[in-house]
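The data block below is query.tsv; it holds TSV, C-alpha atoms and all ligand atoms.
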```tsv
chain	number	residue	atom	x	y	z
A	1	MET	CA	18.92	52.82	60.63
A	2	THR	CA	18.60	55.15	57.67
A	3	GLU	CA	15.58	55.81	55.53
A	4	SER	CA	14.89	53.43	52.65
A	5	ARG	CA	13.00	53.92	49.40
A	6	LEU	CA	11.46	50.45	49.65
A	7	THR	CA	8.58	50.02	52.05
A	8	GLY	CA	9.05	46.23	52.26
A	9	PRO	CA	8.83	43.56	53.28
A	10	VAL	CA	11.25	42.13	50.72
A	11	ARG	CA	11.33	38.36	50.30
A	12	VAL	CA	14.71	36.94	49.21
A	13	VAL	CA	14.70	33.40	47.78
A	14	GLY	CA	18.15	31.80	47.75
A	15	VAL	CA	20.35	33.15	50.52
A	16	GLY	CA	23.83	32.38	49.21
A	17	LEU	CA	26.33	35.14	48.41
A	18	LEU	CA	23.86	37.33	46.52
A	19	GLY	CA	20.75	36.71	48.62
A	20	ALA	CA	22.55	37.14	51.95
A	21	SER	CA	24.26	40.32	50.69
A	22	ILE	CA	20.91	41.79	49.60
A	23	GLY	CA	19.36	40.83	52.95
A	24	LEU	CA	22.23	42.37	54.94
A	25	GLY	CA	22.18	45.55	52.85
A	26	LEU	CA	18.43	46.01	53.20
A	27	ARG	CA	18.44	45.22	56.93
A	28	ALA	CA	21.07	47.94	57.36
A	29	LYS	CA	18.51	50.32	55.81
A	30	GLY	CA	15.81	49.13	58.18
A	31	VAL	CA	13.80	47.20	55.58
A	32	GLU	CA	12.00	44.04	56.76
A	33	VAL	CA	13.57	41.06	54.97
A	34	ILE	CA	12.04	37.59	54.67
A	35	LEU	CA	14.40	34.76	53.73
A	36	ALA	CA	13.83	31.40	52.04
A	37	ASP	CA	16.23	28.77	50.68
A	38	ALA	CA	16.10	25.14	49.55
A	39	SER	CA	18.91	24.49	52.04
A	40	PRO	CA	17.76	24.76	55.69
A	41	THR	CA	21.41	25.21	56.72
A	42	HIS	CA	21.96	28.17	54.38
A	43	LEU	CA	18.72	29.68	55.65
A	44	ALA	CA	19.71	29.27	59.29
A	45	ILE	CA	23.17	30.75	58.66
A	46	ALA	CA	21.72	33.76	56.82
A	47	VAL	CA	19.26	34.36	59.69
A	48	ASP	CA	22.08	34.04	62.25
A	49	TYR	CA	24.16	36.59	60.34
A	50	GLY	CA	21.30	39.09	60.44
A	51	ALA	CA	20.22	39.01	56.77
A	52	GLY	CA	16.53	38.74	57.71
A	53	ARG	CA	13.98	36.40	59.27
A	54	ALA	CA	12.75	33.03	58.01
A	55	ALA	CA	9.61	33.05	55.86
A	56	ALA	CA	6.27	32.38	57.59
A	57	ALA	CA	2.69	31.72	56.52
A	58	GLY	CA	0.81	34.93	55.79
A	59	ASP	CA	3.85	36.92	54.57
A	60	ARG	CA	2.87	39.64	52.11
A	61	PRO	CA	6.06	40.85	50.42
A	62	GLN	CA	6.13	44.05	48.38
A	63	LEU	CA	9.01	42.64	46.34
A	64	VAL	CA	10.49	39.17	45.80
A	65	VAL	CA	14.16	38.88	44.81
A	66	VAL	CA	15.14	35.46	43.45
A	67	CYS	CA	18.85	34.72	43.99
A	68	VAL	CA	19.14	31.04	43.03
A	69	PRO	CA	21.43	29.42	40.41
A	70	PRO	CA	20.61	30.29	36.77
A	71	ASP	CA	19.29	26.80	35.86
A	72	VAL	CA	16.43	27.01	38.36
A	73	THR	CA	15.83	30.77	38.22
A	74	ALA	CA	12.88	30.70	35.79
A	75	ASP	CA	11.15	27.90	37.77
A	76	VAL	CA	11.54	29.78	41.04
A	77	VAL	CA	10.44	33.14	39.54
A	78	ALA	CA	7.32	31.47	38.06
A	79	ALA	CA	6.49	29.86	41.42
A	80	GLU	CA	6.97	33.17	43.29
A	81	LEU	CA	4.71	35.05	40.80
A	82	GLU	CA	2.01	32.45	41.52
A	83	ALA	CA	2.52	32.37	45.29
A	84	TYR	CA	2.54	36.19	45.78
A	85	PRO	CA	0.05	37.69	43.29
A	86	GLU	CA	0.44	41.20	44.75
A	87	ALA	CA	4.24	41.24	44.66
A	88	ILE	CA	6.70	42.48	42.05
A	89	VAL	CA	9.27	39.76	41.32
A	90	THR	CA	12.86	40.07	40.11
A	91	ASP	CA	15.90	37.81	39.88
A	92	VAL	CA	19.64	38.44	39.86
A	93	ALA	CA	20.85	35.61	37.59
A	94	SER	CA	23.98	36.39	35.58
A	95	VAL	CA	22.29	35.69	32.21
A	96	LYS	CA	19.05	37.45	31.30
A	97	LEU	CA	17.64	36.37	27.91
A	98	ALA	CA	17.16	32.65	28.67
A	99	VAL	CA	15.21	33.35	31.89
A	100	TYR	CA	13.00	35.95	30.18
A	101	GLU	CA	12.28	33.69	27.16
A	102	ASN	CA	11.51	30.77	29.47
A	103	LEU	CA	9.01	32.81	31.52
A	104	LYS	CA	7.40	34.22	28.38
A	105	ALA	CA	7.05	30.75	26.83
A	106	ARG	CA	5.29	29.39	29.90
A	107	GLY	CA	2.88	32.36	30.05
A	108	ALA	CA	4.10	33.78	33.37
A	109	ASP	CA	2.68	37.17	34.45
A	110	LEU	CA	5.38	39.43	32.98
A	111	SER	CA	3.49	42.55	34.09
A	112	ARG	CA	5.00	41.91	37.57
A	113	TYR	CA	8.47	40.69	36.57
A	114	ILE	CA	11.75	42.22	35.40
A	115	GLY	CA	15.07	40.41	35.54
A	116	THR	CA	18.10	42.25	36.90
A	117	HIS	CA	21.83	41.59	37.34
A	118	PRO	CA	24.12	43.31	39.84
A	119	MET	CA	27.65	43.54	38.44
A	120	ALA	CA	29.12	42.73	41.80
A	121	GLY	CA	30.15	39.47	43.32
A	122	ARG	CA	32.94	37.39	44.65
A	123	GLU	CA	34.65	34.14	43.75
A	124	ARG	CA	33.15	32.49	46.85
A	125	GLY	CA	29.44	31.67	47.25
A	126	GLY	CA	27.29	30.81	50.26
A	127	PRO	CA	25.67	32.98	52.93
A	128	MET	CA	28.87	33.38	54.94
A	129	SER	CA	30.46	35.27	52.03
A	130	GLY	CA	27.63	37.83	52.06
A	131	ARG	CA	28.47	41.51	52.56
A	132	ALA	CA	26.08	44.40	53.16
A	133	ASP	CA	28.16	46.73	50.97
A	134	LEU	CA	28.67	44.31	48.07
A	135	PHE	CA	26.69	46.48	45.64
A	136	VAL	CA	27.82	49.96	46.67
A	137	GLY	CA	28.96	51.93	43.63
A	138	ARG	CA	28.46	48.97	41.25
A	139	PRO	CA	26.38	48.90	38.07
A	140	TRP	CA	23.14	46.90	38.44
A	141	VAL	CA	21.44	46.06	35.15
A	142	VAL	CA	17.68	46.12	34.73
A	143	ALA	CA	16.84	43.86	31.76
A	144	ALA	CA	13.90	45.92	30.54
A	145	HIS	CA	11.00	44.55	28.53
A	146	GLY	CA	7.75	46.11	27.34
A	147	GLY	CA	5.42	43.95	29.44
A	148	ILE	CA	5.71	45.88	32.73
A	149	SER	CA	5.01	49.56	33.45
A	150	TYR	CA	7.68	51.84	34.90
A	151	GLN	CA	5.35	52.48	37.85
A	152	ASP	CA	5.05	48.79	38.72
A	153	GLY	CA	8.77	48.26	38.18
A	154	SER	CA	9.72	51.15	40.48
A	155	ALA	CA	10.15	48.81	43.48
A	156	ILE	CA	13.05	47.24	41.60
A	157	ASP	CA	14.63	50.66	41.02
A	158	ASP	CA	14.20	51.32	44.75
A	159	LEU	CA	15.95	48.04	45.62
A	160	ILE	CA	18.95	48.96	43.47
A	161	LEU	CA	19.20	52.50	44.84
A	162	ASP	CA	18.69	51.38	48.46
A	163	LEU	CA	21.66	49.05	48.08
A	164	GLY	CA	23.86	51.89	46.79
A	165	ALA	CA	24.20	50.56	43.24
A	166	THR	CA	23.81	52.40	39.93
A	167	LEU	CA	20.89	51.44	37.74
A	168	VAL	CA	21.67	50.62	34.09
A	169	GLU	CA	18.80	49.78	31.73
A	170	LEU	CA	19.49	47.35	28.87
A	171	THR	CA	17.48	44.80	26.91
A	172	PRO	CA	18.14	41.17	27.87
A	173	GLU	CA	20.02	40.69	24.56
A	174	GLN	CA	22.20	43.77	25.10
A	175	HIS	CA	22.93	42.60	28.65
A	176	ASP	CA	24.00	39.10	27.60
A	177	ALA	CA	26.28	40.44	24.85
A	178	ALA	CA	27.88	42.91	27.27
A	179	VAL	CA	28.54	40.45	30.09
A	180	ALA	CA	29.92	37.87	27.64
A	181	LEU	CA	32.76	40.36	27.09
A	182	VAL	CA	33.27	41.85	30.55
A	183	SER	CA	32.47	38.88	32.79
A	184	HIS	CA	32.04	35.50	31.09
A	185	VAL	CA	35.07	35.45	28.79
A	186	PRO	CA	37.33	36.85	31.56
A	187	GLN	CA	36.17	33.93	33.75
A	188	VAL	CA	37.11	31.41	31.03
A	189	VAL	CA	40.48	33.06	30.37
A	190	SER	CA	41.24	33.18	34.11
A	191	SER	CA	40.30	29.53	34.62
A	192	LEU	CA	42.29	28.31	31.63
A	193	MET	CA	45.35	30.30	32.72
A	194	ALA	CA	45.08	28.92	36.27
A	195	ARG	CA	44.77	25.42	34.83
A	196	ARG	CA	48.31	25.86	33.44
A	197	LEU	CA	49.53	25.92	37.06
A	198	ILE	CA	48.36	22.40	37.90
A	199	ASP	CA	51.47	20.61	36.67
A	200	ALA	CA	53.96	23.44	37.19
A	201	PRO	CA	56.93	22.68	39.45
A	202	HIS	CA	56.70	24.03	43.02
A	203	ALA	CA	59.73	26.17	42.32
A	204	SER	CA	57.79	28.01	39.60
A	205	VAL	CA	54.54	28.38	41.51
A	206	ASN	CA	56.43	29.71	44.55
A	207	LEU	CA	57.61	32.68	42.49
A	208	ALA	CA	54.03	33.82	41.91
A	209	GLY	CA	53.64	37.56	42.31
A	210	GLN	CA	50.67	39.86	42.01
A	211	GLY	CA	50.38	39.57	38.23
A	212	VAL	CA	49.34	35.93	38.13
A	213	ARG	CA	47.14	36.43	41.19
A	214	ASP	CA	45.28	39.30	39.48
A	215	VAL	CA	44.76	37.26	36.32
A	216	THR	CA	43.59	34.12	38.14
A	217	ARG	CA	41.52	35.48	41.07
A	218	VAL	CA	38.16	34.44	39.64
A	219	ALA	CA	39.51	30.98	38.71
A	220	ALA	CA	38.56	30.08	42.31
A	221	SER	CA	34.85	30.54	41.40
A	222	ASP	CA	32.28	27.76	41.66
A	223	PRO	CA	32.49	25.58	38.49
A	224	GLU	CA	28.85	24.42	38.86
A	225	LEU	CA	27.57	28.01	38.83
A	226	TRP	CA	29.75	28.90	35.85
A	227	VAL	CA	28.73	25.86	33.78
A	228	GLN	CA	25.16	27.14	34.18
A	229	ILE	CA	26.08	30.74	33.28
A	230	LEU	CA	28.14	29.73	30.24
A	231	GLY	CA	25.47	27.24	29.18
A	232	GLN	CA	22.90	30.06	28.99
A	233	ASN	CA	25.18	32.48	27.13
A	234	SER	CA	27.26	30.10	25.01
A	235	ALA	CA	26.92	31.77	21.58
A	236	PRO	CA	28.14	35.30	22.54
A	237	VAL	CA	30.94	33.80	24.66
A	238	ALA	CA	32.11	31.44	21.91
A	239	GLU	CA	32.09	34.34	19.42
A	240	ILE	CA	34.45	36.43	21.57
A	241	LEU	CA	36.66	33.43	22.32
A	242	ARG	CA	37.06	32.81	18.57
A	243	GLY	CA	38.44	36.36	18.19
A	244	TYR	CA	40.67	35.77	21.20
A	245	ARG	CA	41.94	32.53	19.64
A	246	ASP	CA	42.89	34.51	16.50
A	247	ASP	CA	44.76	37.01	18.71
A	248	LEU	CA	46.60	34.15	20.42
A	249	ASP	CA	47.50	32.55	17.07
A	250	ARG	CA	48.95	35.86	15.82
A	251	PHE	CA	50.90	36.30	19.03
A	252	ILE	CA	52.28	32.76	19.00
A	253	ASP	CA	53.23	33.10	15.36
A	254	ALA	CA	55.23	36.25	16.16
A	255	LEU	CA	56.94	34.53	19.12
A	256	ASP	CA	57.81	31.52	16.97
A	257	ASN	CA	59.42	33.80	14.38
A	258	MET	CA	61.13	36.46	16.46
A	259	ASP	CA	63.79	37.02	13.80
A	260	ALA	CA	61.27	37.65	11.04
A	261	PRO	CA	61.03	41.31	10.04
A	262	GLY	CA	58.30	43.08	12.00
A	263	ALA	CA	57.85	40.34	14.67
A	264	ARG	CA	58.72	42.61	17.59
A	265	ARG	CA	56.56	45.37	16.22
A	266	ARG	CA	53.58	42.97	16.00
A	267	ILE	CA	54.09	41.90	19.60
A	268	ALA	CA	54.44	45.52	20.72
A	269	GLU	CA	51.24	46.45	18.90
A	270	GLU	CA	49.32	43.64	20.60
A	271	LEU	CA	50.63	44.81	23.99
A	272	PHE	CA	49.80	48.46	23.20
A	273	GLY	CA	46.32	47.23	22.30
A	274	GLY	CA	46.07	45.85	25.81
A	275	ASN	CA	47.07	49.25	27.26
A	276	THR	CA	44.35	50.93	25.21
A	277	GLY	CA	41.75	48.34	26.19
A	278	VAL	CA	42.45	48.43	29.93
A	279	GLU	CA	42.23	52.25	29.92
A	280	ARG	CA	38.61	51.89	28.87
A	281	LEU	CA	37.71	50.20	32.15
A	282	PRO	CA	36.17	52.61	34.65
A	283	GLY	CA	38.52	53.14	37.60
A	284	LYS	CA	42.04	51.86	38.01
A	285	HIS	CA	42.31	48.29	36.80
A	286	GLY	CA	42.00	45.72	39.57
A	287	VAL	CA	41.70	48.25	42.35
A	288	ASP	CA	38.51	49.49	43.98
A	289	ARG	CA	38.36	53.07	42.73
A	290	ARG	CA	36.69	54.29	45.90
A	291	TYR	CA	39.90	53.78	47.85
A	292	SER	CA	43.62	54.51	47.73
A	293	SER	CA	46.06	51.88	48.84
A	294	LEU	CA	49.46	51.64	50.46
A	295	ILE	CA	51.66	48.59	50.75
A	296	VAL	CA	53.34	47.96	54.10
A	297	MET	CA	56.14	45.43	54.56
A	298	ILE	CA	55.66	43.28	57.63
A	299	ASP	CA	58.12	40.87	59.22
A	300	ASP	CA	56.76	37.34	59.27
A	301	ARG	CA	56.61	37.21	63.09
A	302	PRO	CA	53.67	36.67	65.46
A	303	GLY	CA	51.84	39.86	66.41
A	304	GLN	CA	53.07	42.03	63.50
A	305	LEU	CA	49.69	42.30	61.80
A	306	ALA	CA	47.97	43.12	65.08
A	307	ARG	CA	50.57	45.85	65.74
A	308	LEU	CA	49.99	47.25	62.23
A	309	PHE	CA	46.19	47.31	62.71
A	310	ASN	CA	46.66	49.03	66.04
A	311	ASP	CA	48.95	51.69	64.52
A	312	VAL	CA	46.50	52.29	61.65
A	313	GLY	CA	43.71	52.74	64.21
A	314	GLU	CA	45.81	55.14	66.29
A	315	ALA	CA	46.54	57.14	63.13
A	316	GLY	CA	42.76	57.62	62.87
A	317	ALA	CA	42.37	55.67	59.61
A	318	ASN	CA	39.82	52.98	58.84
A	319	ILE	CA	40.94	49.93	56.82
A	320	GLU	CA	38.42	49.62	53.97
A	321	ASP	CA	40.03	46.55	52.45
A	322	LEU	CA	43.13	44.43	53.01
A	323	ARG	CA	45.16	42.13	50.82
A	324	LEU	CA	48.05	40.05	52.15
A	325	GLU	CA	50.83	38.65	50.05
A	326	HIS	CA	53.53	36.37	51.40
A	327	SER	CA	56.97	36.12	49.90
A	328	PRO	CA	57.85	32.43	49.96
A	329	GLY	CA	61.39	31.96	51.10
A	330	ALA	CA	61.66	35.47	52.56
A	331	GLN	CA	60.46	36.19	56.10
A	332	ILE	CA	58.42	39.12	54.85
A	333	GLY	CA	54.79	39.77	53.98
A	334	LEU	CA	53.20	42.63	52.07
A	335	ALA	CA	49.97	44.08	53.44
A	336	GLU	CA	48.08	46.18	50.89
A	337	ILE	CA	45.78	48.44	52.88
A	338	SER	CA	42.93	50.29	51.17
A	339	VAL	CA	41.84	53.54	52.82
A	340	LEU	CA	39.83	56.59	51.88
A	341	PRO	CA	41.94	58.76	49.53
A	342	GLU	CA	41.90	61.74	51.92
A	343	VAL	CA	43.68	59.81	54.72
A	344	GLN	CA	46.30	58.02	52.60
A	345	GLN	CA	49.14	60.58	52.91
A	346	HIS	CA	48.58	61.12	56.63
A	347	LEU	CA	48.56	57.36	57.25
A	348	THR	CA	51.71	56.84	55.18
A	349	ASP	CA	53.53	59.51	57.22
A	350	GLU	CA	52.24	58.14	60.54
A	351	LEU	CA	53.22	54.55	59.78
A	352	ALA	CA	56.65	55.60	58.51
A	353	ALA	CA	57.16	57.59	61.73
A	354	ARG	CA	56.34	54.44	63.71
A	355	GLY	CA	59.03	52.50	61.85
A	356	TRP	CA	56.95	50.69	59.22
A	357	ARG	CA	58.52	50.23	55.79
A	358	ILE	CA	56.14	51.45	53.09
A	359	ALA	CA	56.68	49.60	49.80
A	360	GLY	CA	54.31	51.65	47.66
B	401	LIG	N1	28.48	34.93	42.53
B	401	LIG	C1	28.47	36.11	41.93
B	401	LIG	O1	29.48	36.79	41.89
B	401	LIG	C2	27.19	36.59	41.29
B	401	LIG	C3	27.10	37.94	40.92
B	401	LIG	C4	25.90	38.42	40.35
B	401	LIG	C5	24.85	37.53	40.13
B	401	LIG	N2	24.98	36.21	40.48
B	401	LIG	C6	23.83	35.33	40.27
B	401	LIG	O2	23.17	35.24	41.52
B	401	LIG	C7	22.58	33.94	41.66
B	401	LIG	C8	23.04	33.33	42.99
B	401	LIG	O3	24.46	33.24	42.96
B	401	LIG	P1	25.27	33.09	44.33
B	401	LIG	O4	26.70	33.36	43.99
B	401	LIG	O5	24.61	33.82	45.41
B	401	LIG	O6	25.12	31.51	44.56
B	401	LIG	P2	25.19	30.71	45.95
B	401	LIG	O7	25.52	29.32	45.58
B	401	LIG	O8	26.04	31.43	46.92
B	401	LIG	O9	23.68	30.77	46.47
B	401	LIG	C9	22.60	30.16	45.83
B	401	LIG	C10	21.58	29.78	46.89
B	401	LIG	O10	20.39	29.33	46.24
B	401	LIG	C11	19.87	28.20	46.98
B	401	LIG	N3	19.02	27.45	46.07
B	401	LIG	C12	19.37	26.65	45.04
B	401	LIG	N4	18.29	26.19	44.43
B	401	LIG	C13	17.20	26.69	45.07
B	401	LIG	C14	15.80	26.59	44.89
B	401	LIG	N5	15.29	25.87	43.89
B	401	LIG	N6	14.98	27.25	45.75
B	401	LIG	C15	15.50	28.00	46.76
B	401	LIG	N7	16.81	28.13	46.98
B	401	LIG	C16	17.68	27.50	46.14
B	401	LIG	C17	21.13	27.50	47.45
B	401	LIG	O11	20.85	26.63	48.55
B	401	LIG	C18	22.05	28.67	47.81
B	401	LIG	O12	21.86	29.05	49.16
B	401	LIG	C19	22.97	33.14	40.44
B	401	LIG	O13	21.91	33.12	39.52
B	401	LIG	C20	24.15	33.92	39.86
B	401	LIG	O14	24.23	33.79	38.46
B	401	LIG	C21	26.12	35.73	41.08
B	402	LIG	O1	34.39	39.88	41.12
B	402	LIG	C1	34.05	38.71	41.12
B	402	LIG	O2	34.58	37.89	41.84
B	402	LIG	C2	32.95	38.25	40.25
B	402	LIG	O3	32.88	37.09	40.00
B	402	LIG	C3	31.92	39.21	39.85
B	402	LIG	C4	31.16	39.03	38.54
B	402	LIG	C5	31.97	39.69	37.44
B	402	LIG	O4	32.41	39.00	36.51
B	402	LIG	O5	32.15	40.90	37.48
B	402	LIG	C6	30.89	37.61	38.23
B	402	LIG	C7	29.70	37.15	37.83
B	402	LIG	C8	28.47	37.88	38.11
B	402	LIG	O6	27.45	37.58	37.25
B	402	LIG	C9	28.70	39.31	38.31
B	402	LIG	C10	29.89	39.77	38.72
```
Could you quickly redo this structure as structure tokens?
Amino acid sequence: MTESRLTGPVRVVGVGLLGASIGLGLRAKGVEVILADASPTHLAIAVDYGAGRAAAAGDRPQLVVVCVPPDVTADVVAAELEAYPEAIVTDVASVKLAVYENLKARGADLSRYIGTHPMAGRERGGPMSGRADLFVGRPWVVAAHGGISYQDGSAIDDLILDLGATLVELTPEQHDAAVALVSHVPQVVSSLMARRLIDAPHASVNLAGQGVRDVTRVAASDPELWVQILGQNSAPVAEILRGYRDDLDRFIDALDNMDAPGARRRIAEELFGGNTGVERLPGKHGVDRRYSSLIVMIDDRPGQLARLFNDVGEAGANIEDLRLEHSPGAQIGLAEISVLPEVQQHLTDELAARGWRIAG
């Protein structure tokens, strides 16, 4: 147990991916965590996984963190403000203005509430997807408003810092405009691209490499959650998609007229634009910037992965993340192992010495 900024207890309402991850992260810091969920099964799973204990009469939380779907967030925040008049209340919904406006309109006590949004997540929900380190190194937006003092809101800052995230203060409007571009439109583009695969012949889908997997990873996300997110941020998302549609029209026009003067230059300029845009993302695109990775080729035979893990362990390296890709048709798999940058070269040499083929 390490020291935490929060004194606790912290009550988490909604123990799916976000709530369970917050509970696990705070428990690892030694903070008392109280869990509640509309689903008794989700609650029991989160308790079993060590994210906290079930709520009980007489609980007096310092902080309440509401982690329920966006459509019911304002209702649950309002109920928690009423139920725990001494607690500071926050939520983690992916859209901030609608929740804030809703609470303001119903006269909720905004002197004890600020909405937040951790820019961390996964394409799978539910308590079993929870991870204690989900927020480490990630931006976590505080959707500031003038109705609460910095002193009262400091428990929310403590939550963010205790979970290893970086606090970013924005207004709810600034937040919604920003995430429309960096989260909501990418989700739509990913889903629509993945949709193209539905009727594709097996022979085509079987050729899928890392490119299409990178572009479509979040297409596996929960449609019900995303209908709610997009429904609460529709105008900024539609605005960006209109610009994207213009880009697509220009691109298609150039492809349809490849022999027209300047067509290749137009295509090249669009692609260069992509290079410039992706360079603006912090860290290497698509890769967790905390880690370096190496790709090891493994024969598709029983026991190979276990042997690889064993050799990595004997080389003294810890696997921080792992991605497996299978080559359909070839009896070979590619294991992309993420490790701390300082051990990458040593591990590469050790594995090569033990006969592993390193692909990159
Ligand atoms: N999934 C992500 O990547 C991500 C990232 C950042 C923020 N968020 C936001 O976090 C919130 C939760 O998302 P999630 O991915 O953890 O969803 P989830 O589906 O994994 O979990 C939601 C939980 O809320 C419970 N719940 C639903 N209605 C409830 C109610 N009225 N009272 C109590 N519990 C209720 C559900 O039973 C479920 O356990 C959403 O508002 C989402 O926008 C999600
Ligand atoms: O990485 C993912 O899988 C996510 O879905 C994370 C992501 C994002 O777009 O960055 C998705 C929605 C949340 O509101 C915040 C984070």
Return as AutoDock Vina command-line options the centre and edge lengths, in Å with one decimal, of the box along x, y and z that encloses every atom of ligand LIG 402 (chain B) in the file, padded by 3 Å per side.
```
--center_x 31.0 --center_y 39.0 --center_z 39.2 --size_x 13.1 --size_y 9.8 --size_z 11.3
```
Å distance separating atom C8 of ligand LIG 401 (chain B) from CA of Gly19 in chain A, one decimal place: 7.0 Å
Shortest interatomic distance to Asn233 in chain A - which of A:Tyr49, A:Ser292, A:Ala180, A:Gly115, counting only C-alpha atoms: A:Ala180
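The space between atom C6 of ligand LIG 402 (chain B) and CA of Leu134 in chain A spans 12.1 Å.
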Nearest to Leu167 in chain A by atom-to-atom distance, counting all atoms listed in the file, from A:Gln232, A:Thr116, A:Ser94, A:Ser39: A:Thr116
Pick from A:His184, A:Arg131, A:Arg195, A:Arg357, whichever lies nearest to ligand LIG 402 (chain B) using only C-alpha atoms and all ligand atoms: A:His184
Residues of chain A at most 6 Å from ligand LIG 402 (chain B): nearest atom pair and distance in Å, only C-alpha atoms and all ligand atoms, as a tab-separated table:
```
residue	atom	partner	partner_atom	distance
A:Ser94	CA	B:LIG402	O6	4.0
A:Met119	CA	B:LIG402	C9	4.4
A:Ala120	CA	B:LIG402	C10	4.3
A:Gly121	CA	B:LIG402	C3	3.9
A:Arg122	CA	B:LIG402	O2	3.3
A:Glu123	CA	B:LIG402	O2	4.2
A:Ser183	CA	B:LIG402	O4	3.7
A:Val218	CA	B:LIG402	O2	5.4
```
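The contact shell of ligand LIG 401 (chain B), defined as all polymer residues within 6 Å when all atoms listed in the file are used, comprises Val13, Gly14, Val15, Gly16, Leu17, Leu18, Gly19, Asp37, Ala38, Ser39, His42, Cys67, Val68, Pro69, Pro70, Val72, Val92, Ala93, Ser94, His117, Pro118, Met119, Ala120, Gly121, Arg122, Gly125 and Gly126 of chain A.
Coordinates place CA of Phe251 in chain A at a distance of 12.3 Å from CA of Gly273 in chain A.
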Close residues, Asp311 in chain A itself excluded, 10 Å, all atoms listed in the file, min 2 positions apart in chain, as an MDAnalysis selection string: chainID A and resid 305:309 313:317 347 350:351 354 356
Counting all atoms listed in the file, the residue of A:Gly355, A:Gly164, A:Gly23, A:Pro61 that sits nearest Glu80 in chain A: A:Pro61
Residue among A:Val237, A:Ala87, A:Ala79, A:Ala194 lying closest to Ser221 in chain A, counting all atoms listed in the file: A:Ala194
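Counting only C-alpha atoms, the residue from A:Ser21, A:Gln304, A:Asn318, A:Asn310 that sits nearest to Ala132 in chain A is A:Ser21.
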Residue contacts of Met297 in chain A (7 Å, only C-alpha atoms) excluding same-chain residues fewer than 3 positions away, as a ChimeraX atom specification: /A:332-335,357-359
Protein/DNA/RNA residues near (49.8, 53.6, 47.3), cut 8 Å, only C-alpha atoms, as a VMD selection string: chain A and resid 292 to 295 344 360
All residues 8 Å or closer to range 144-146 of chain A, all atoms listed in the file, same chain fewer than 3 positions away omitted, as JSON, numbers by chain: {"A": [114, 115, 149, 169, 170, 171, 172]}
